[in-house]
There are 2 protein chains.
Amino acid sequence: MPRALLVVLDGCADRPVKELGGKTPLEFAVKPTIDRLVAEGSCGLMDVISPGIRPGSDTAHLAIFGYDPYKYYPGRGPFEALGAGLTLNPGDVAFRTNVATVNSDLVVVDRRGGRYIDPAEVKEIENIINNEVLPILRSKYGIDAVYKQTVEHRGVLVLRGNVSPHITDTDPHVTGVRVSEAKALSDDAKVTANYINEFTKLVYEKLSKAEFNEKRRREGKGPINMVLLRGAGSLRNFEPLSLRYRIKPAIIAGVALIRGIGRALGMDAINVDNYIGSKDDDFIAAFQAAARALNNYDFVFVHVKPTDSMSHDGDARGKAMIIERVDAGIRRFLEEAPSDTYVFITCDHATPITVREHTGDPVPFMAWGPDVMRDDVTQFSERACAKGFWSRIRGIDVMNIIANYLGTLEKFGE
Amino acid sequence: MPRALLVVLDGCADRPVKELGGKTPLEFAVKPTIDRLVAEGSCGLMDVISPGIRPGSDTAHLAIFGYDPYKYYPGRGPFEALGAGLTLNPGDVAFRTNVATVNSDLVVVDRRGGRYIDPAEVKEIENIINNEVLPILRSKYGIDAVYKQTVEHRGVLVLRGNVSPHITDTDPHVTGVRVSEAKALSDDAKVTANYINEFTKLVYEKLSKAEFNEKRRREGKGPINMVLLRGAGSLRNFEPLSLRYRIKPAIIAGVALIRGIGRALGMDAINVDNYIGSKDDDFIAAFQAAARALNNYDFVFVHVKPTDSMSHDGDARGKAMIIERVDAGIRRFLEEAPSDTYVFITCDHATPITVREHTGDPVPFMAWGPDVMRDDVTQFSERACAKGFWSRIRGIDVMNIIANYLGTLEKFGE
């Protein structure tokens, strides 16, 4: 029974970089393994959504997993919650949150509470909100809720019960103005809006007098006395990948958001030590884990984050070095993976060094495996892949192409 | 802030021409400037609508401006009216018109009234219809209307009030048969159909006894005594380009129809002397005007008409010469345009010399600018562009690709 590895290099596609002699990071990097796969396999360009459209990592991954983001995208809150390891049922409402510093008029002084939050403080904040704020609201509104900090100032709040995602943000998105009032965008959201506005008041009241804020004040730091909410959304009922493509899928991703998307689509998350979406990620370990997982799964997805982060930082050589380390990881994968394994590599969007933001440029795509067509392309790069067998595909086609090689799809018609 | 020029060479894409040694006019023409841009930039093929579909210039331009013609095309009447400089509100009904010669049984003898209409006659015809025919109908139906001649026998009629575009043509499209009766295609169009049938009678009555027709009879010419109507349509409420792509757009087009489309999409029309869509168009002046306009606009569109006209005339060398003169215009553009300008060149459809009509062949597309990928293509032509970075795009993608370089589009997701 054949199996497949799909690697998504986040934001890896790029434009020519002066510092690299007019090459893109993919053209500049020394990556003998990936280029060997390309030489033996076939390539193309991919419009993740459609030409020119700038994808977020969330909409891009939905598309690549085969779910039209125009139809399925629920806003970021739900994915963030899933990524944080919270259980999320269809109907639950999830928000992305920031802990923040406000003054006594609830005017936002720092939207990120200094950004770095001490682990002891994180524990305190979670404790106060989950044990002092949410129970009061629960007894009044009958709405269950859970709050969790994720990375730095960020976190998630999930509501469960008779709730609606159709309310506005309390995060004003700028400093110097008051925390926004949540407004209902539809009649059925009025209770949720009231709940949230009371949440804002209670959080301020309880956090302001918390002990850890006394300590912060003594240290000359602003208090962390507010939780700002944005991106309310409810998860759709996704048909799981296992049913849609008749595969048994697993995901290896350091980034909470991507792992969350995978979970929502029914993929088993495999944890890898030192694989958290940072530039120090252990790619050897991640791809070894992927190779081993293919003994129990017929589809493993590996997400590589720091290619994107390097572009956001404008670090062209750093980006090339990440690509080189991924190449070593894939070499190890090939040594350890079952022999009937297909390998697919692509990107979720371009993040050009020159732009430092996601753009809508097409990205390279490659397929390798037992009976994959061999074309003339010998390099995994934006320009070279344009000449390959696949010419131009869309993100939404990827899983169908993979399932086509795995032979798991039903025939359409007779 | 970057800006962009988009050039559409009307009907420029072609097929191999024997007279040109089996080359297409784009392959035959000497066009060093465009080919230099191609060598420094990247190319592809474009299906304006979809492979094989024969676009009109109107549907093609809608697609290229990002508006799916299957959704947005209102028939040709409204665009013709806009191109003639008439104001057109959503809900107004516009027709394309021909002045014609009919006999006393209203049988069409000449659908074009001899085609060339003397300017004095044009004035008389407009005068009689606007001052003797339409006021009678207005007092009876309460429908405002305006009639205007455009080029040769052609013109437009616009109705405003409680009107519907769902009626059939009065133009029988052939000679030797009676002027057709307008029929309502839906209940709400009955009044409009009655109005139009009475219009036909009144026009015949008033024009037949006009003085200029006496003169025509004395000169042995058939009288111009009918206005045939076709292509009834109402304009949709288009979201303007400025909102959709967050750009400030201008249009340079000699052809009324194209200028009208531009206006309907909220583009400012820039007038250029001796630029009227003829083979003697002053391309140097047009592209100079485009270069200057980019100081006030971040998107300028230039339409080149005579590439298409030459194909309709079957003049392969003439078509190549137009391309060569456009090339000189673009050289002047590059000398005078701001340095952070992107250039995009494509066609709205093919008009092969061998066919003399629009066809659904793919057309070449090229992009050039600060951080545009450089591919191996060195010639702007149908065959060469097939090997480029963009492989194959659609007309509907063009504006998204441009906005992607200008960086004006919101990200979809996070």
# chains A, B, ... in the order shown; residues from 1 in each chain; ligands from 1
call {"tool": "closest_atom_pairs", "arguments": {"of": "chain B", "to": "chain A", "cutoff": "6 Å", "atoms": "only C-alpha atoms", "output": "tab-separated table"}}
result
residue	atom	partner	partner_atom	distance
B:Phe389	CA	A:Ala386	CA	5.2
B:Asp397	CA	A:Pro51	CA	5.7
B:Asn400	CA	A:Gly52	CA	4.5
B:Ile401	CA	A:Gly52	CA	4.1
B:Asn404	CA	A:Gly52	CA	5.2
B:Lys411	CA	A:Arg54	CA	5.0
B:Phe412	CA	A:Pro55	CA	5.0
B:Gly413	CA	A:Gly56	CA	4.3
B:Glu414	CA	A:Gly56	CA	4.2
call {"tool": "write_last_selection", "arguments": {"atoms": "C-alpha atoms", "output": "PDB file, in the first residue's frame"}}
result
ATOM      1  CA  PHE B 389       7.058  31.848 -15.628  1.00  0.00           C
ATOM      2  CA  ASP B 397      -6.474  37.156 -12.844  1.00  0.00           C
ATOM      3  CA  ASN B 400      -5.102  40.601  -8.957  1.00  0.00           C
ATOM      4  CA  ILE B 401      -1.605  39.975 -10.312  1.00  0.00           C
ATOM      5  CA  ASN B 404      -0.224  41.843  -5.877  1.00  0.00           C
ATOM      6  CA  LYS B 411      -4.497  39.434   2.892  1.00  0.00           C
ATOM      7  CA  PHE B 412      -7.191  36.722   2.889  1.00  0.00           C
ATOM      8  CA  GLY B 413      -6.855  35.227   6.360  1.00  0.00           C
ATOM      9  CA  GLU B 414      -3.906  35.654   8.708  1.00  0.00           C
TER      10      GLU B 414
END
call {"tool": "select_by_dssp", "arguments": {"residues": "segment 236-342 of chain B", "states": "alpha helix (DSSP H)", "output": "ChimeraX atom specification"}}
result
/B:241-244,256-264,283-293,306-312,316-336
call {"tool": "select_by_dssp", "arguments": {"residues": "segment 190-280 of chain A", "states": "strand (DSSP E or B)", "output": "MDAnalysis selection string"}}
result
chainID A and resid 226:233 249:252 268:269
call {"tool": "atom_distance", "arguments": {"atom1": "atom CA of Asp281 of chain A", "atom2": "atom CA of Leu6 of chain A"}}
result
17.9 Å
call {"tool": "residues_around", "arguments": {"residues": "Phe199 of chain B", "least_positions_apart": "2", "cutoff": "8 Å", "atoms": "only C-alpha atoms", "output": "PyMOL selection string"}}
result
chain B and resi 133-134+137+195-197+201-203
call {"tool": "atom_distance", "arguments": {"atom1": "atom CA of Pro90 of chain A", "atom2": "atom CA of Leu235 of chain A"}}
result
5.0 Å
call {"tool": "residues_around", "arguments": {"residues": "Val174 of chain A", "least_positions_apart": "5", "cutoff": "12 Å", "atoms": "only C-alpha atoms", "output": "VMD selection string"}}
result
chain A and resid 100 102 107 to 112 179 to 180 228
call {"tool": "write_last_selection", "arguments": {"atoms": "N, CA and C atoms", "output": "mmCIF file, in the first residue's frame"}}
result
data_model
loop_
_atom_site.group_PDB
_atom_site.id
_atom_site.type_symbol
_atom_site.label_atom_id
_atom_site.label_comp_id
_atom_site.auth_asym_id
_atom_site.auth_seq_id
_atom_site.Cartn_x
_atom_site.Cartn_y
_atom_site.Cartn_z
ATOM 1 N N ALA A 100 -3.278 42.742 27.879
ATOM 2 C CA ALA A 100 -2.905 44.120 27.598
ATOM 3 C C ALA A 100 -2.846 44.931 28.875
ATOM 4 N N VAL A 102 -4.145 48.470 30.455
ATOM 5 C CA VAL A 102 -5.061 49.608 30.268
ATOM 6 C C VAL A 102 -4.971 50.505 31.497
ATOM 7 N N VAL A 107 -8.457 52.825 28.872
ATOM 8 C CA VAL A 107 -7.742 53.209 27.647
ATOM 9 C C VAL A 107 -6.523 52.303 27.506
ATOM 10 N N VAL A 108 -6.349 51.748 26.304
ATOM 11 C CA VAL A 108 -5.268 50.785 26.084
ATOM 12 C C VAL A 108 -3.914 51.505 26.036
ATOM 13 N N VAL A 109 -3.024 51.082 26.908
ATOM 14 C CA VAL A 109 -1.675 51.668 26.967
ATOM 15 C C VAL A 109 -0.696 50.781 26.199
ATOM 16 N N ASP A 110 -0.846 49.475 26.333
ATOM 17 C CA ASP A 110 0.019 48.515 25.626
ATOM 18 C C ASP A 110 -0.858 47.323 25.236
ATOM 19 N N ARG A 111 -0.996 47.114 23.921
ATOM 20 C CA ARG A 111 -1.881 46.039 23.442
ATOM 21 C C ARG A 111 -1.314 44.657 23.729
ATOM 22 N N ARG A 112 -0.032 44.597 24.138
ATOM 23 C CA ARG A 112 0.582 43.273 24.304
ATOM 24 C C ARG A 112 1.148 43.057 25.710
ATOM 25 N N VAL A 179 -10.908 50.339 25.436
ATOM 26 C CA VAL A 179 -11.286 48.989 25.017
ATOM 27 C C VAL A 179 -12.652 49.107 24.340
ATOM 28 N N SER A 180 -12.810 48.488 23.171
ATOM 29 C CA SER A 180 -14.076 48.616 22.445
ATOM 30 C C SER A 180 -15.185 47.826 23.127
ATOM 31 N N LEU A 228 -7.925 41.502 25.567
ATOM 32 C CA LEU A 228 -8.599 42.034 24.384
ATOM 33 C C LEU A 228 -8.987 40.882 23.463
#
call {"tool": "atom_distance", "arguments": {"atom1": "atom CA of Ala289 of chain A", "atom2": "atom CA of Ile330 of chain A"}}
result
11.2 Å
call {"tool": "residues_around", "arguments": {"residues": "segment 251-260 of chain A", "least_positions_apart": "5", "cutoff": "8 Å", "atoms": "only C-alpha atoms", "output": "number ranges by chain"}}
result
A: 57-58, 61, 79-85, 267-272, 275-278, 286, 290, 300-305
call {"tool": "write_last_selection", "arguments": {"atoms": "C-alpha atoms", "output": "PDB file, in the first residue's frame"}}
result
ATOM      1  CA  SER A  57      -1.350  30.705   6.384  1.00  0.00           C
ATOM      2  CA  ASP A  58      -4.774  29.566   7.543  1.00  0.00           C
ATOM      3  CA  HIS A  61      -3.610  25.417   4.404  1.00  0.00           C
ATOM      4  CA  PHE A  79      -8.002  27.605  14.532  1.00  0.00           C
ATOM      5  CA  GLU A  80      -6.006  29.353  17.201  1.00  0.00           C
ATOM      6  CA  ALA A  81      -8.026  27.554  19.865  1.00  0.00           C
ATOM      7  CA  LEU A  82      -7.487  24.186  18.239  1.00  0.00           C
ATOM      8  CA  GLY A  83      -3.801  24.919  17.954  1.00  0.00           C
ATOM      9  CA  ALA A  84      -3.694  25.653  21.662  1.00  0.00           C
ATOM     10  CA  GLY A  85      -4.950  22.158  22.306  1.00  0.00           C
ATOM     11  CA  MET A 267      -5.355  14.454  11.381  1.00  0.00           C
ATOM     12  CA  ASP A 268      -3.478  12.909  14.299  1.00  0.00           C
ATOM     13  CA  ALA A 269      -0.881  15.342  15.611  1.00  0.00           C
ATOM     14  CA  ILE A 270       2.558  13.836  16.170  1.00  0.00           C
ATOM     15  CA  ASN A 271       4.711  15.728  18.643  1.00  0.00           C
ATOM     16  CA  VAL A 272       8.421  16.124  17.953  1.00  0.00           C
ATOM     17  CA  TYR A 275      10.007  21.297  16.771  1.00  0.00           C
ATOM     18  CA  ILE A 276       8.029  24.398  17.692  1.00  0.00           C
ATOM     19  CA  GLY A 277       8.087  26.513  14.524  1.00  0.00           C
ATOM     20  CA  SER A 278      11.292  28.353  15.416  1.00  0.00           C
ATOM     21  CA  ALA A 286      10.786  15.969  12.435  1.00  0.00           C
ATOM     22  CA  ALA A 290       7.505  11.479   9.607  1.00  0.00           C
ATOM     23  CA  VAL A 300       1.960  12.479   6.788  1.00  0.00           C
ATOM     24  CA  PHE A 301       2.049  16.245   6.552  1.00  0.00           C
ATOM     25  CA  VAL A 302       5.109  18.194   7.702  1.00  0.00           C
ATOM     26  CA  HIS A 303       4.918  21.940   8.151  1.00  0.00           C
ATOM     27  CA  VAL A 304       8.135  24.006   8.069  1.00  0.00           C
ATOM     28  CA  LYS A 305       7.679  27.413   9.655  1.00  0.00           C
TER      29      LYS A 305
END
call {"tool": "residues_around", "arguments": {"residues": "segment 310-324 of chain B", "least_positions_apart": "5", "cutoff": "6 Å", "atoms": "only C-alpha atoms", "output": "number ranges by chain"}}
result
B: 25, 29-31, 351, 353, 356
call {"tool": "write_last_selection", "arguments": {"atoms": "N, CA, C and O atoms", "output": "PDB file, in the first residue's frame"}}
result
ATOM      1  N   PRO B  25       2.172  37.998 -36.611  1.00  0.00           N
ATOM      2  CA  PRO B  25       2.590  39.413 -36.650  1.00  0.00           C
ATOM      3  C   PRO B  25       3.458  39.799 -35.454  1.00  0.00           C
ATOM      4  O   PRO B  25       4.415  40.566 -35.598  1.00  0.00           O
ATOM      5  N   ALA B  29       7.102  41.313 -36.292  1.00  0.00           N
ATOM      6  CA  ALA B  29       7.363  42.733 -36.030  1.00  0.00           C
ATOM      7  C   ALA B  29       8.710  42.926 -35.320  1.00  0.00           C
ATOM      8  O   ALA B  29       9.109  42.103 -34.502  1.00  0.00           O
ATOM      9  N   VAL B  30       9.393  44.010 -35.653  1.00  0.00           N
ATOM     10  CA  VAL B  30      10.618  44.379 -34.945  1.00  0.00           C
ATOM     11  C   VAL B  30      10.203  45.278 -33.776  1.00  0.00           C
ATOM     12  O   VAL B  30       9.740  46.395 -33.979  1.00  0.00           O
ATOM     13  N   LYS B  31      10.357  44.785 -32.571  1.00  0.00           N
ATOM     14  CA  LYS B  31       9.844  45.506 -31.400  1.00  0.00           C
ATOM     15  C   LYS B  31      10.834  45.378 -30.248  1.00  0.00           C
ATOM     16  O   LYS B  31      10.585  44.676 -29.257  1.00  0.00           O
ATOM     17  N   THR B 351      -7.208  37.976 -32.977  1.00  0.00           N
ATOM     18  CA  THR B 351      -7.948  38.183 -34.228  1.00  0.00           C
ATOM     19  C   THR B 351      -7.014  37.743 -35.345  1.00  0.00           C
ATOM     20  O   THR B 351      -6.284  38.559 -35.922  1.00  0.00           O
ATOM     21  N   ILE B 353      -5.190  36.906 -38.662  1.00  0.00           N
ATOM     22  CA  ILE B 353      -5.249  37.389 -40.041  1.00  0.00           C
ATOM     23  C   ILE B 353      -6.011  36.389 -40.919  1.00  0.00           C
ATOM     24  O   ILE B 353      -6.811  36.768 -41.768  1.00  0.00           O
ATOM     25  N   ARG B 356      -9.837  36.737 -39.701  1.00  0.00           N
ATOM     26  CA  ARG B 356     -10.412  38.094 -39.767  1.00  0.00           C
ATOM     27  C   ARG B 356     -11.524  38.326 -38.753  1.00  0.00           C
ATOM     28  O   ARG B 356     -12.378  39.188 -38.936  1.00  0.00           O
TER      29      ARG B 356
END
call {"tool": "residues_around", "arguments": {"residues": "segment 138-146 of chain B", "least_positions_apart": "4", "cutoff": "7 Å", "atoms": "only C-alpha atoms", "output": "PyMOL selection string"}}
result
chain B and resi 130+134+157-162
